[in-house]
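Undergrad: I'd like to ask you about the structure that follows.
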Amino acid sequence: MKKLLFAVLCLTFASQCVYAAKLVRTENIDVTLSAKSDEAVGKAIFDAAKARKWMPEKRGDNEIIATLISRNHMVAVSIVYSKDGYSIAYKDSKNMNYNARRKLIHSKYKQWIETLNKDITNKFFAQNALEF
């Protein structure tokens with residue numbers, strides 16, 4: 001019986017490790033060489049998020065709340081920006097096994113944030129290419 005209990009605990013722990021990843025916070029991404037204004041940065045972020053099927057919503061002067069729904073998962077992030085750069089921070093999620101104490105979340109979160117960040121960066125480069 002002890003071996004069975006131990007095996008169940010090991011499997012439970014292992015399954016959590018497979019799906020859990022460290023919560024990433026993308027901070028101070030520099031766009032000073034490519035951004036002309038706060039509005040240009042906001043537009044690039046909004047357009048990149050929308051193109052990747054996120055639902056961006058402008059909040060305040062320099063913040064966008066972007067929400068992604070994938071199957072039965074939901075993730076919301078806050079993107080604060082200026083003409084100098086932007087930061088992406090976790091805001092909320094559903095069915096993502098978020099653990100605030102251990103700062104862990106479903107491994108897909110990291111992938112989605114990295115992809116969003118790459119798309120935003122590409123959008124800045126595309127904007128600059130059009131201006132030359």
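In the structure tokens, each chain is lettered A, B, ... as it comes, each chain's residues begin at 1, and ligands are numbered from 1 in order of appearance.
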Compile the contact shell of A:Ile45 as a PyMOL selection string: residues with an atom at most 12 Å away, counting only C-alpha atoms, same-chain residues fewer than 6 positions apart removed.

TA: chain A and resi 29+31+35+38-39+51-52+54-58+62-66+78-83+85-88+116-124+127

Undergrad: For A:Asn95, list every protein, DNA or RNA residue within 7 Å, evaluated using only C-alpha atoms, and leave out those in the same chain fewer than 5 positions away; present the list as a list in words.

TA: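 Listed by chain and then number, they are Asn72, His73 and Met74 of chain A.
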
Undergrad: I need the residues from that last selection saved to file as a CSV table (one decimal), in the first residue's frame (with N, CA and C atoms), if you can.

TA:
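Final file, result_4.csv:
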chain,number,residue,atom,x,y,z
A,72,ASN,N,-9.9,25.7,-23.9
A,72,ASN,CA,-10.6,26.0,-22.6
A,72,ASN,C,-9.6,26.8,-21.7
A,73,HIS,N,-8.6,27.4,-22.3
A,73,HIS,CA,-7.6,28.2,-21.5
A,73,HIS,C,-7.8,29.7,-21.8
A,74,MET,N,-7.6,30.5,-20.8
A,74,MET,CA,-7.6,32.0,-21.0
A,74,MET,C,-6.5,32.6,-20.2

Undergrad: Give me the residues within 7 Å of A:Val75 as a PyMOL selection string, counting only C-alpha atoms and dropping any in the same chain fewer than 5 places off.

TA: chain A and resi 67-69+92-94

Undergrad: Mind the document's chain letters and residue numbers, and return as a PyMOL selection string the residues of stretch 30-104 of chain A that DSSP labels strand (DSSP E).

TA: chain A and resi 30+55-59+63-70+73-82+85-94+104

Undergrad: Okay, now the selection with N, CA and C atoms, as a short mmCIF file (atom, residue, chain, number, x, y, z; two decimals), in the first residue's frame?

TA:
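Just written: part10.cif:
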data_model
loop_
_atom_site.label_atom_id
_atom_site.label_comp_id
_atom_site.auth_asym_id
_atom_site.auth_seq_id
_atom_site.Cartn_x
_atom_site.Cartn_y
_atom_site.Cartn_z
N ASP A 30 13.45 47.31 -25.07
CA ASP A 30 13.88 48.59 -25.63
C ASP A 30 13.40 48.76 -27.06
N MET A 55 -6.92 39.40 -27.88
CA MET A 55 -7.94 40.45 -27.90
C MET A 55 -7.40 41.63 -27.10
N PRO A 56 -6.78 42.60 -27.79
CA PRO A 56 -6.21 43.75 -27.09
C PRO A 56 -7.28 44.79 -26.77
N GLU A 57 -7.12 45.41 -25.62
CA GLU A 57 -8.05 46.46 -25.19
C GLU A 57 -7.24 47.57 -24.53
N LYS A 58 -7.37 48.77 -25.08
CA LYS A 58 -6.62 49.92 -24.54
C LYS A 58 -7.17 50.30 -23.18
N ARG A 59 -6.28 50.48 -22.21
CA ARG A 59 -6.65 50.93 -20.86
C ARG A 59 -5.76 52.10 -20.49
N GLU A 63 -1.40 51.68 -21.51
CA GLU A 63 -1.56 50.28 -21.12
C GLU A 63 -2.55 49.60 -22.04
N ILE A 64 -2.20 48.38 -22.41
CA ILE A 64 -3.09 47.51 -23.19
C ILE A 64 -3.26 46.23 -22.40
N ILE A 65 -4.50 45.80 -22.23
CA ILE A 65 -4.79 44.50 -21.65
C ILE A 65 -5.07 43.58 -22.83
N ALA A 66 -4.26 42.53 -22.96
CA ALA A 66 -4.42 41.59 -24.06
C ALA A 66 -4.86 40.24 -23.49
N THR A 67 -5.93 39.69 -24.06
CA THR A 67 -6.49 38.43 -23.60
C THR A 67 -6.44 37.41 -24.73
N LEU A 68 -5.99 36.21 -24.39
CA LEU A 68 -5.93 35.12 -25.36
C LEU A 68 -6.79 33.97 -24.85
N ILE A 69 -7.67 33.47 -25.71
CA ILE A 69 -8.47 32.30 -25.37
C ILE A 69 -8.09 31.20 -26.35
N SER A 70 -7.64 30.08 -25.79
CA SER A 70 -7.24 28.94 -26.60
C SER A 70 -7.89 27.69 -26.02
N HIS A 73 -8.58 27.38 -22.26
CA HIS A 73 -7.63 28.19 -21.49
C HIS A 73 -7.84 29.66 -21.80
N MET A 74 -7.59 30.50 -20.80
CA MET A 74 -7.64 31.95 -20.99
C MET A 74 -6.46 32.57 -20.25
N VAL A 75 -5.80 33.51 -20.90
CA VAL A 75 -4.70 34.25 -20.31
C VAL A 75 -4.91 35.73 -20.60
N ALA A 76 -4.69 36.57 -19.59
CA ALA A 76 -4.73 38.02 -19.79
C ALA A 76 -3.41 38.61 -19.28
N VAL A 77 -2.85 39.52 -20.06
CA VAL A 77 -1.62 40.19 -19.68
C VAL A 77 -1.80 41.70 -19.76
N SER A 78 -1.03 42.40 -18.96
CA SER A 78 -0.99 43.85 -19.01
C SER A 78 0.29 44.26 -19.73
N ILE A 79 0.14 45.09 -20.75
CA ILE A 79 1.31 45.57 -21.50
C ILE A 79 1.38 47.08 -21.29
N VAL A 80 2.36 47.50 -20.53
CA VAL A 80 2.58 48.92 -20.25
C VAL A 80 3.71 49.38 -21.18
N TYR A 81 3.52 50.53 -21.82
CA TYR A 81 4.48 50.96 -22.83
C TYR A 81 4.71 52.46 -22.81
N SER A 82 5.81 52.85 -23.43
CA SER A 82 6.14 54.25 -23.71
C SER A 82 6.96 54.25 -24.99
N GLY A 85 10.02 51.86 -24.54
CA GLY A 85 9.95 50.41 -24.42
C GLY A 85 8.62 49.95 -23.88
N TYR A 86 8.54 48.66 -23.57
CA TYR A 86 7.31 48.08 -23.04
C TYR A 86 7.63 46.91 -22.13
N SER A 87 6.64 46.55 -21.30
CA SER A 87 6.75 45.40 -20.41
C SER A 87 5.45 44.61 -20.49
N ILE A 88 5.57 43.28 -20.45
CA ILE A 88 4.42 42.39 -20.46
C ILE A 88 4.36 41.68 -19.11
N ALA A 89 3.23 41.81 -18.40
CA ALA A 89 3.09 41.20 -17.08
C ALA A 89 1.81 40.38 -17.00
N TYR A 90 1.87 39.27 -16.30
CA TYR A 90 0.71 38.41 -16.06
C TYR A 90 -0.37 39.21 -15.35
N LYS A 91 -1.61 39.04 -15.78
CA LYS A 91 -2.74 39.70 -15.13
C LYS A 91 -3.74 38.70 -14.57
N ASP A 92 -4.14 37.70 -15.40
CA ASP A 92 -5.15 36.75 -14.97
C ASP A 92 -5.10 35.53 -15.88
N SER A 93 -5.71 34.43 -15.44
CA SER A 93 -5.82 33.25 -16.28
C SER A 93 -6.92 32.33 -15.77
N LYS A 94 -7.35 31.44 -16.64
CA LYS A 94 -8.32 30.40 -16.30
C LYS A 94 -7.80 29.08 -16.86
N LEU A 104 4.27 29.63 -10.65
CA LEU A 104 4.24 28.64 -11.72
C LEU A 104 2.94 28.76 -12.50
#
